[in-house]
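Heads up, target38.cif below (mmCIF, C-alpha atoms; chains and numbers go by the auth columns):
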data_model
loop_
_atom_site.group_PDB
_atom_site.id
_atom_site.type_symbol
_atom_site.label_atom_id
_atom_site.label_comp_id
_atom_site.label_asym_id
_atom_site.label_seq_id
_atom_site.Cartn_x
_atom_site.Cartn_y
_atom_site.Cartn_z
_atom_site.B_iso_or_equiv
_atom_site.auth_seq_id
_atom_site.auth_asym_id
ATOM 1 C CA MET A 1 -3.305 0.396 -22.866 0.00 1 A
ATOM 2 C CA ASP A 2 -0.474 2.870 -22.573 0.00 2 A
ATOM 3 C CA TRP A 3 2.900 2.603 -20.859 0.00 3 A
ATOM 4 C CA LEU A 4 1.705 4.236 -17.664 0.00 4 A
ATOM 5 C CA GLN A 5 -0.965 1.589 -17.105 0.00 5 A
ATOM 6 C CA ILE A 6 1.500 -1.198 -17.911 0.00 6 A
ATOM 7 C CA THR A 7 4.011 0.232 -15.431 0.00 7 A
ATOM 8 C CA GLN A 8 1.325 0.566 -12.755 0.00 8 A
ATOM 9 C CA ALA A 9 0.224 -3.024 -13.314 0.00 9 A
ATOM 10 C CA LEU A 10 3.816 -4.248 -13.008 0.00 10 A
ATOM 11 C CA PHE A 11 4.354 -2.328 -9.761 0.00 11 A
ATOM 12 C CA LEU A 12 1.067 -3.635 -8.367 0.00 12 A
ATOM 13 C CA GLY A 13 2.050 -7.196 -9.244 0.00 13 A
ATOM 14 C CA ALA A 14 5.485 -6.756 -7.662 0.00 14 A
ATOM 15 C CA MET A 15 3.935 -5.310 -4.506 0.00 15 A
ATOM 16 C CA LEU A 16 1.528 -8.227 -4.206 0.00 16 A
ATOM 17 C CA LEU A 17 4.361 -10.715 -4.688 0.00 17 A
ATOM 18 C CA MET A 18 6.411 -9.020 -1.972 0.00 18 A
ATOM 19 C CA LEU A 19 3.471 -8.882 0.471 0.00 19 A
ATOM 20 C CA TYR A 20 2.348 -12.486 -0.053 0.00 20 A
ATOM 21 C CA PRO A 21 4.878 -14.132 2.348 0.00 21 A
ATOM 22 C CA ARG A 22 3.945 -11.719 5.164 0.00 22 A
ATOM 23 C CA VAL A 23 0.222 -12.296 4.711 0.00 23 A
ATOM 24 C CA LYS A 24 0.778 -16.037 4.599 0.00 24 A
ATOM 25 C CA GLN A 25 2.792 -15.857 7.827 0.00 25 A
ATOM 26 C CA ALA A 26 0.142 -13.680 9.505 0.00 26 A
ATOM 27 C CA PHE A 27 -2.627 -16.176 8.710 0.00 27 A
ATOM 28 C CA LYS A 28 -0.440 -19.089 9.760 0.00 28 A
ATOM 29 C CA ASN A 29 0.262 -17.630 13.231 0.00 29 A
ATOM 30 C CA PRO A 30 -2.804 -15.520 14.117 0.00 30 A
ATOM 31 C CA GLU A 31 -1.964 -15.403 17.829 0.00 31 A
ATOM 32 C CA ASP A 32 1.142 -13.341 17.071 0.00 32 A
ATOM 33 C CA THR A 33 -0.768 -10.658 15.170 0.00 33 A
ATOM 34 C CA SER A 34 -4.215 -10.743 16.768 0.00 34 A
ATOM 35 C CA GLY A 35 -3.937 -7.305 18.395 0.00 35 A
ATOM 36 C CA LYS A 36 -2.229 -5.606 15.486 0.00 36 A
ATOM 37 C CA TRP A 37 -5.059 -5.887 12.920 0.00 37 A
ATOM 38 C CA GLY A 38 -7.059 -3.126 14.579 0.00 38 A
ATOM 39 C CA ALA A 39 -4.116 -0.769 14.263 0.00 39 A
ATOM 40 C CA VAL A 40 -4.091 -1.423 10.513 0.00 40 A
ATOM 41 C CA VAL A 41 -7.797 -1.547 9.735 0.00 41 A
ATOM 42 C CA ILE A 42 -8.817 1.695 11.437 0.00 42 A
ATOM 43 C CA PRO A 43 -6.360 3.994 9.556 0.00 43 A
ATOM 44 C CA LEU A 44 -7.239 2.253 6.273 0.00 44 A
ATOM 45 C CA LEU A 45 -10.928 2.881 6.893 0.00 45 A
ATOM 46 C CA ILE A 46 -10.245 6.528 7.697 0.00 46 A
ATOM 47 C CA VAL A 47 -8.212 6.967 4.513 0.00 47 A
ATOM 48 C CA GLY A 48 -10.911 5.211 2.496 0.00 48 A
ATOM 49 C CA ILE A 49 -13.598 7.503 3.893 0.00 49 A
ATOM 50 C CA ILE A 50 -11.499 10.583 3.125 0.00 50 A
ATOM 51 C CA VAL A 51 -10.951 9.407 -0.451 0.00 51 A
ATOM 52 C CA VAL A 52 -14.677 8.773 -0.942 0.00 52 A
ATOM 53 C CA VAL A 53 -15.520 12.227 0.450 0.00 53 A
ATOM 54 C CA LEU A 54 -12.968 13.880 -1.840 0.00 54 A
ATOM 55 C CA ILE A 55 -14.288 12.025 -4.892 0.00 55 A
ATOM 56 C CA LYS A 56 -17.880 12.933 -4.046 0.00 56 A
ATOM 57 C CA SER A 57 -16.981 16.597 -3.484 0.00 57 A
ATOM 58 C CA VAL A 58 -15.421 16.866 -6.964 0.00 58 A
ATOM 59 C CA GLN A 59 -18.395 15.380 -8.802 0.00 59 A
#
Kindly return the structure encoded in the file as structure tokens.
Amino acid sequence: MDWLQITQALFLGAMLLMLYPRVKQAFKNPEDTSGKWGAVVIPLLIVGIIVVVLIKSVQ
């Protein structure tokens, strides 16, 4: 394991720690965020599909 992977793991851990309270709040009060999940899921799916296509085109 080199320093780059250690740094990436630390940033990932910090990001998850910072996101945890928001996710907890969203699951606690689903009526406040019920319409907003679609606005998040659709762009993430599009980005995921683009990444898969790019990876497949390189191989």
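Computed from the coordinates, the atom CA of A:Val41 to atom CA of A:Lys24 distance equals 17.6 Å.
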One decimal place gives the atom CA of A:Leu4-atom CA of A:Val40 separation as 29.3 Å
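Separating atom CA of A:Ala39 from atom CA of A:Leu10 is a distance of 28.6 Å.
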As JSON: centre and edge lengths in Å, one decimal, of the axis-aligned box holding stretch 41-55 of chain A with 3 Å per side:
{"center_x": -10.9, "center_y": 6.2, "center_z": 3.3, "size_x": 15.2, "size_y": 21.4, "size_z": 22.3}
